[in-house]
Amino acid sequence: MSRLPVVAVVGAPNVGKSSVVNRVIGRRRAVVSEEPGTTRDRGYNHAEWAGREFTLVDTGGMEPAAKVGLQPLVTLQAQVAVEEADVILHLVDARVGPTEADAAIARQLRRGPGKVVLAVNKLDNPADDTERYQFYSLGEGEPHGISALQGLGFGDLLDEVVSLLSESEADEEDGLPRLAIVGRPNVGKSTLLNRLLGSERAVVSEEAGTTTDAVAGEVEVVLNGESERYLVLDTAGVGRGARKASGVRYYSSLRTSEAIRDSDVSLLLVDAVDGLVAGDLRIARQIEDAGASCAILINKRDLVPQERIREIEGQLLARMTDLKPPAIAVSGLTGDRVDEMLPLVARLHRAYHRRIPTHELAEFVNELVGRNAPPKGVKIRYATQTSTAPPRFTLFANRPEDVPDGYLRYVENSLRGRYDLWGVSVRIRVKSSR
Ligand code: GDP
């Protein structure tokens with residue numbers, strides 16, 4: 001059974017929820033009685049953007065008519081939104097700045113699983129950064145500027161909403177995060193895949209809906225007492241449909257690119273005998289471009305002395321400077337240290353999706369600035385995480401152009417160290433705080 005995805009518009013009274021809803025659905029509804037105590041319709045509307053249909057909920061209908069404190073309102077709206085919405089549009093009013101009500105709603109939404117898009121309404125010029133900037137403090141990522149009155153800024157806003165809807169649909173479709181084991185031919189992918197999956201491979205092929213040849217099996221990981229399951233993509237042609245085509249080199253590299261694009265976590269196998277070669281770096285680049293996360297398995301450790309492993313780790317450090325992937329040396333053949341692979345996968349997956357609370361990030365960046373100040377005259381005023389998977393950050397500085405690259409690397413590496421962000425691409429932008 002398929003239902004339309006639900007987008008709920010949530011916000012303090014008078015921020016313009018109904019105007020926004022009307023803009024999106026493209027018509028003016030009859031004004032409903034404003035008399036106190038009138039039960040208003042909960043406002044379920046059919047909406048569409050870029051060919052995607054969804055139900056748009058106007059929670060304005062849930063506002064209590066009489067003045068009762070802030071809390072019941074916040075709770076009720078957010079409750080409904082959190083319970084049934086796939087995406088929540090948190091609407092705030094540019095003219096009154098982030099209010100206590102805005103912050104309370106943000107806090108409430110943060111506790112739920114829904115994806116939140118922040119829209120700043122009543123902006124005459126939605127492209128103007130300065131008014132939107134203050135709303136970063138709500139910790140809901142990039143604020144989108146709009147004007148419901150003039151119909152401005154809705155394109156970008158709805159693009160974002162629709163893209164989040166697609167994301168959550170994809171999550172639901174397959175449920176499990178995907179793991180790809182990639183590498184050049186003969187580095188040992190099949191051997192490792194077989195060892196990893198053991199007898200579990202058959203399970204997946206039986207499961208309804210996973211008829212695709214692209215999946216080789218399913219594994220369970222327990223990390224810190226929490227269990228997670230992963231779909232393992234078939235990158236080595238061990239699955240049924242793939243066998244006939246395996247051996248064709250072109251096909252195998254195509255399979256690799258597809259798996260990388262589909263995966264949340266990629267394990268890149270390198271051959272301890274060959275060391276790090278150009279082909280490995282090409283695949284690493286693909287992983288990075290796809291925005292996936294990555295760890296390195298130095299395979300065939302049974303064939304080389306320990307110094308060789310150290311040497312390859314040195315090469316990784318020097319050459320994979322964007323992802324800075326963690327690495328372990330294993331042997332698919334003997335099974336040596338293969339049991340460390342899956343905990344590593346879970347660690348990467350968590351890093352990839354890590355969301356650092358705004359206040360914590362602010363404190364941490366303060367600490368970093370205190371320890372190692374930027375050049376004289378440069379002030380870093382604020383830091384925010386603008387997205388996860390992969391993590392993206394924005395620093396606000398009085399003179400963005402004067403923040404040296406080296407300083408950003410310092411912040412980046414400190415973030416990686418503190419929040420275990422190895423193996424994911426971390427990007428930090430600097431924007432003007434003015
Ligand atoms: P794929 O092309 O990446 O799937 O590589 P295969 O799994 O087919 O392995 C290529 C060759 O390397 C086979 O002869 C394997 O037996 C061998 N091999 C794989 N892993 C190891 C390992 O850890 N140690 C040793 N000594 N040989 C391995």
# chains A, B, ... in the order shown; residues from 1 in each chain; ligands from 1
call {"tool": "closest_atom_pairs", "arguments": {"of": "chain A", "to": "ligand 1", "cutoff": "6 Å", "atoms": "only C-alpha atoms and all ligand atoms", "output": "tab-separated table"}}
result
residue	atom	partner	partner_atom_place_in_ligand_line	distance
A:Pro185	CA	ligand 1	2 (O)	3.9
A:Asn186	CA	ligand 1	2 (O)	3.4
A:Val187	CA	ligand 1	3 (O)	4.2
A:Gly188	CA	ligand 1	5 (O)	3.2
A:Lys189	CA	ligand 1	3 (O)	3.6
A:Ser190	CA	ligand 1	7 (O)	3.7
A:Thr191	CA	ligand 1	7 (O)	3.7
A:Ala236	CA	ligand 1	4 (O)	5.0
A:Asn299	CA	ligand 1	23 (O)	5.2
A:Lys300	CA	ligand 1	23 (O)	3.3
A:Asp302	CA	ligand 1	24 (N)	5.7
A:Leu303	CA	ligand 1	26 (N)	5.5
A:Ser331	CA	ligand 1	23 (O)	3.4
A:Gly332	CA	ligand 1	23 (O)	3.8
A:Leu333	CA	ligand 1	23 (O)	4.1
call {"tool": "write_last_selection", "arguments": {"atoms": "N, CA and C atoms", "output": "PDB file, in the first residue's frame"}}
result
ATOM      1  N   PRO A 185      40.803  -5.874  -9.726  1.00  0.00           N
ATOM      2  CA  PRO A 185      40.694  -7.321  -9.881  1.00  0.00           C
ATOM      3  C   PRO A 185      41.803  -8.033  -9.096  1.00  0.00           C
ATOM      4  N   ASN A 186      41.458  -9.148  -8.509  1.00  0.00           N
ATOM      5  CA  ASN A 186      42.431  -9.999  -7.823  1.00  0.00           C
ATOM      6  C   ASN A 186      42.989  -9.494  -6.494  1.00  0.00           C
ATOM      7  N   VAL A 187      42.416  -8.435  -5.969  1.00  0.00           N
ATOM      8  CA  VAL A 187      42.887  -7.998  -4.650  1.00  0.00           C
ATOM      9  C   VAL A 187      42.284  -8.887  -3.553  1.00  0.00           C
ATOM     10  N   GLY A 188      41.276  -9.659  -3.931  1.00  0.00           N
ATOM     11  CA  GLY A 188      40.715 -10.601  -2.960  1.00  0.00           C
ATOM     12  C   GLY A 188      39.281 -10.326  -2.545  1.00  0.00           C
ATOM     13  N   LYS A 189      38.525  -9.644  -3.398  1.00  0.00           N
ATOM     14  CA  LYS A 189      37.139  -9.279  -3.051  1.00  0.00           C
ATOM     15  C   LYS A 189      36.254 -10.504  -2.848  1.00  0.00           C
ATOM     16  N   SER A 190      36.293 -11.429  -3.807  1.00  0.00           N
ATOM     17  CA  SER A 190      35.408 -12.600  -3.704  1.00  0.00           C
ATOM     18  C   SER A 190      35.736 -13.413  -2.474  1.00  0.00           C
ATOM     19  N   THR A 191      37.020 -13.595  -2.246  1.00  0.00           N
ATOM     20  CA  THR A 191      37.453 -14.387  -1.101  1.00  0.00           C
ATOM     21  C   THR A 191      36.901 -13.800   0.194  1.00  0.00           C
ATOM     22  N   ALA A 236      31.823  -8.485  -6.602  1.00  0.00           N
ATOM     23  CA  ALA A 236      32.813  -9.429  -7.108  1.00  0.00           C
ATOM     24  C   ALA A 236      32.202 -10.458  -8.050  1.00  0.00           C
ATOM     25  N   ASN A 299      44.717  -6.086   2.280  1.00  0.00           N
ATOM     26  CA  ASN A 299      44.461  -7.525   2.245  1.00  0.00           C
ATOM     27  C   ASN A 299      45.748  -8.316   1.966  1.00  0.00           C
ATOM     28  N   LYS A 300      45.678  -9.584   2.231  1.00  0.00           N
ATOM     29  CA  LYS A 300      46.791 -10.518   2.016  1.00  0.00           C
ATOM     30  C   LYS A 300      47.946 -10.243   2.972  1.00  0.00           C
ATOM     31  N   ASP A 302      48.953 -11.970   5.184  1.00  0.00           N
ATOM     32  CA  ASP A 302      49.701 -13.202   5.422  1.00  0.00           C
ATOM     33  C   ASP A 302      50.918 -13.322   4.498  1.00  0.00           C
ATOM     34  N   LEU A 303      50.927 -12.513   3.430  1.00  0.00           N
ATOM     35  CA  LEU A 303      52.019 -12.630   2.455  1.00  0.00           C
ATOM     36  C   LEU A 303      53.171 -11.657   2.680  1.00  0.00           C
ATOM     37  N   SER A 331      43.557 -10.737   6.335  1.00  0.00           N
ATOM     38  CA  SER A 331      43.780 -11.763   5.329  1.00  0.00           C
ATOM     39  C   SER A 331      42.468 -12.484   5.076  1.00  0.00           C
ATOM     40  N   GLY A 332      41.966 -12.287   3.871  1.00  0.00           N
ATOM     41  CA  GLY A 332      40.721 -12.954   3.496  1.00  0.00           C
ATOM     42  C   GLY A 332      40.921 -14.452   3.439  1.00  0.00           C
ATOM     43  N   LEU A 333      42.132 -14.822   3.115  1.00  0.00           N
ATOM     44  CA  LEU A 333      42.421 -16.244   2.946  1.00  0.00           C
ATOM     45  C   LEU A 333      42.453 -16.982   4.281  1.00  0.00           C
TER      46      LEU A 333
END
call {"tool": "residues_around", "arguments": {"residues": "Leu223 of chain A", "least_positions_apart": "5", "cutoff": "10 Å", "atoms": "only C-alpha atoms", "output": "ChimeraX atom specification"}}
result
/A:228,342-347
call {"tool": "residues_around", "arguments": {"residues": "Leu281 of chain A", "least_positions_apart": "6", "cutoff": "12 Å", "atoms": "only C-alpha atoms", "output": "PyMOL selection string"}}
result
chain A and resi 182-184+268-270+275+287-288+296+315-316+318-323
call {"tool": "atom_distance", "arguments": {"atom1": "atom CA of Ala351 of chain A", "atom2": "atom CA of Val222 of chain A"}}
result
15.7 Å
call {"tool": "closest_residue", "arguments": {"among": "A:Val7, A:Leu157, A:Leu118, A:Val21", "to": "Val87 of chain A", "atoms": "only C-alpha atoms"}}
result
A:Val7
call {"tool": "residues_around", "arguments": {"residues": "Val57 of chain A", "least_positions_apart": "2", "cutoff": "8 Å", "atoms": "only C-alpha atoms", "output": "list in words"}}
result
Val6, Val7, Ala8, Val9, Val21, Arg42, Gly43, Tyr44, Asn45, Thr55 and Thr59 of chain A
call {"tool": "closest_residue", "arguments": {"among": "A:Val96, A:Leu192, A:Leu179, A:Ile380", "to": "Glu218 of chain A", "atoms": "only C-alpha atoms"}}
result
A:Leu179
call {"tool": "select_by_dssp", "arguments": {"residues": "segment 258-384 of chain A", "states": "helix (DSSP H, G or I)", "output": "ChimeraX atom specification"}}
result
/A:258-262,278-289,301-303,306-319,338-353,358-371
call {"tool": "select_by_dssp", "arguments": {"residues": "segment 100-322 of chain A", "states": "strand (DSSP E or B)", "output": "PyMOL selection string"}}
result
chain A and resi 115-121+143-145+147+152+178-182+215-223+226-233+265-271+293-299
call {"tool": "residues_around", "arguments": {"residues": "Ser293 of chain A", "least_positions_apart": "6", "cutoff": "9 Å", "atoms": "only C-alpha atoms", "output": "PyMOL selection string"}}
result
chain A and resi 263-267+287+323+325+348-349+351-352+389-390+422-425
call {"tool": "write_last_selection", "arguments": {"atoms": "N, CA and C atoms", "output": "mmCIF file, in the first residue's frame"}}
result
data_model
loop_
_atom_site.group_PDB
_atom_site.id
_atom_site.type_symbol
_atom_site.label_atom_id
_atom_site.label_comp_id
_atom_site.auth_asym_id
_atom_site.auth_seq_id
_atom_site.Cartn_x
_atom_site.Cartn_y
_atom_site.Cartn_z
ATOM 1 N N SER A 263 26.219 2.627 -2.354
ATOM 2 C CA SER A 263 26.620 2.227 -1.005
ATOM 3 C C SER A 263 26.631 3.390 -0.024
ATOM 4 N N ASP A 264 26.460 3.055 1.231
ATOM 5 C CA ASP A 264 26.656 4.032 2.304
ATOM 6 C C ASP A 264 28.086 3.938 2.794
ATOM 7 N N VAL A 265 28.581 2.726 2.816
ATOM 8 C CA VAL A 265 29.953 2.496 3.255
ATOM 9 C C VAL A 265 30.669 1.647 2.204
ATOM 10 N N SER A 266 31.871 2.089 1.815
ATOM 11 C CA SER A 266 32.677 1.279 0.913
ATOM 12 C C SER A 266 33.930 0.815 1.634
ATOM 13 N N LEU A 267 34.242 -0.460 1.484
ATOM 14 C CA LEU A 267 35.516 -0.961 1.968
ATOM 15 C C LEU A 267 36.393 -1.123 0.739
ATOM 16 N N ILE A 287 34.870 6.948 -4.821
ATOM 17 C CA ILE A 287 34.142 6.882 -3.548
ATOM 18 C C ILE A 287 33.920 8.288 -3.017
ATOM 19 N N LEU A 323 39.711 11.855 2.291
ATOM 20 C CA LEU A 323 38.852 11.005 3.108
ATOM 21 C C LEU A 323 39.510 10.638 4.429
ATOM 22 N N PRO A 325 40.942 7.851 5.364
ATOM 23 C CA PRO A 325 40.250 6.641 5.796
ATOM 24 C C PRO A 325 41.018 5.865 6.859
ATOM 25 N N LEU A 348 32.116 3.712 10.653
ATOM 26 C CA LEU A 348 32.079 4.627 9.515
ATOM 27 C C LEU A 348 30.661 5.116 9.247
ATOM 28 N N HIS A 349 29.740 4.198 9.333
ATOM 29 C CA HIS A 349 28.357 4.553 9.046
ATOM 30 C C HIS A 349 27.858 5.597 10.034
ATOM 31 N N ALA A 351 29.796 7.710 11.650
ATOM 32 C CA ALA A 351 30.516 8.957 11.354
ATOM 33 C C ALA A 351 29.826 9.697 10.220
ATOM 34 N N TYR A 352 29.432 8.943 9.233
ATOM 35 C CA TYR A 352 28.815 9.488 8.032
ATOM 36 C C TYR A 352 27.534 10.243 8.379
ATOM 37 N N ALA A 389 25.967 13.081 6.157
ATOM 38 C CA ALA A 389 26.021 12.076 5.087
ATOM 39 C C ALA A 389 26.321 12.635 3.698
ATOM 40 N N PRO A 390 27.481 13.208 3.455
ATOM 41 C CA PRO A 390 28.593 13.405 4.365
ATOM 42 C C PRO A 390 28.477 14.692 5.175
ATOM 43 N N TRP A 422 36.836 9.875 10.574
ATOM 44 C CA TRP A 422 37.788 9.349 9.606
ATOM 45 C C TRP A 422 37.049 8.571 8.541
ATOM 46 N N GLY A 423 37.481 8.732 7.285
ATOM 47 C CA GLY A 423 36.877 7.944 6.215
ATOM 48 C C GLY A 423 35.650 8.590 5.588
ATOM 49 N N VAL A 424 35.321 9.799 6.030
ATOM 50 C CA VAL A 424 34.241 10.529 5.368
ATOM 51 C C VAL A 424 34.806 11.869 4.909
ATOM 52 N N SER A 425 34.261 12.384 3.826
ATOM 53 C CA SER A 425 34.772 13.675 3.396
ATOM 54 C C SER A 425 34.128 14.743 4.279
#
call {"tool": "residues_around", "arguments": {"residues": "Glu412 of chain A", "least_positions_apart": "4", "cutoff": "7 Å", "atoms": "only C-alpha atoms", "output": "list of chain:residue names"}}
result
A:Leu408, A:Arg416, A:Val426
call {"tool": "write_last_selection", "arguments": {"atoms": "C-alpha atoms", "output": "PDB file, in the first residue's frame"}}
result
ATOM      1  CA  LEU A 408      40.605  25.077   8.052  1.00  0.00           C
ATOM      2  CA  ARG A 416      37.751  14.314  12.800  1.00  0.00           C
ATOM      3  CA  VAL A 426      34.496  16.680   5.678  1.00  0.00           C
TER       4      VAL A 426
END
call {"tool": "closest_residue", "arguments": {"among": "A:Ser163, A:Gln150, A:Gly26, A:Val10", "to": "Ala119 of chain A", "atoms": "only C-alpha atoms"}}
result
A:Val10
call {"tool": "atom_distance", "arguments": {"atom1": "atom CA of Val403 of chain A", "atom2": "atom CA of Arg427 of chain A"}}
result
14.5 Å
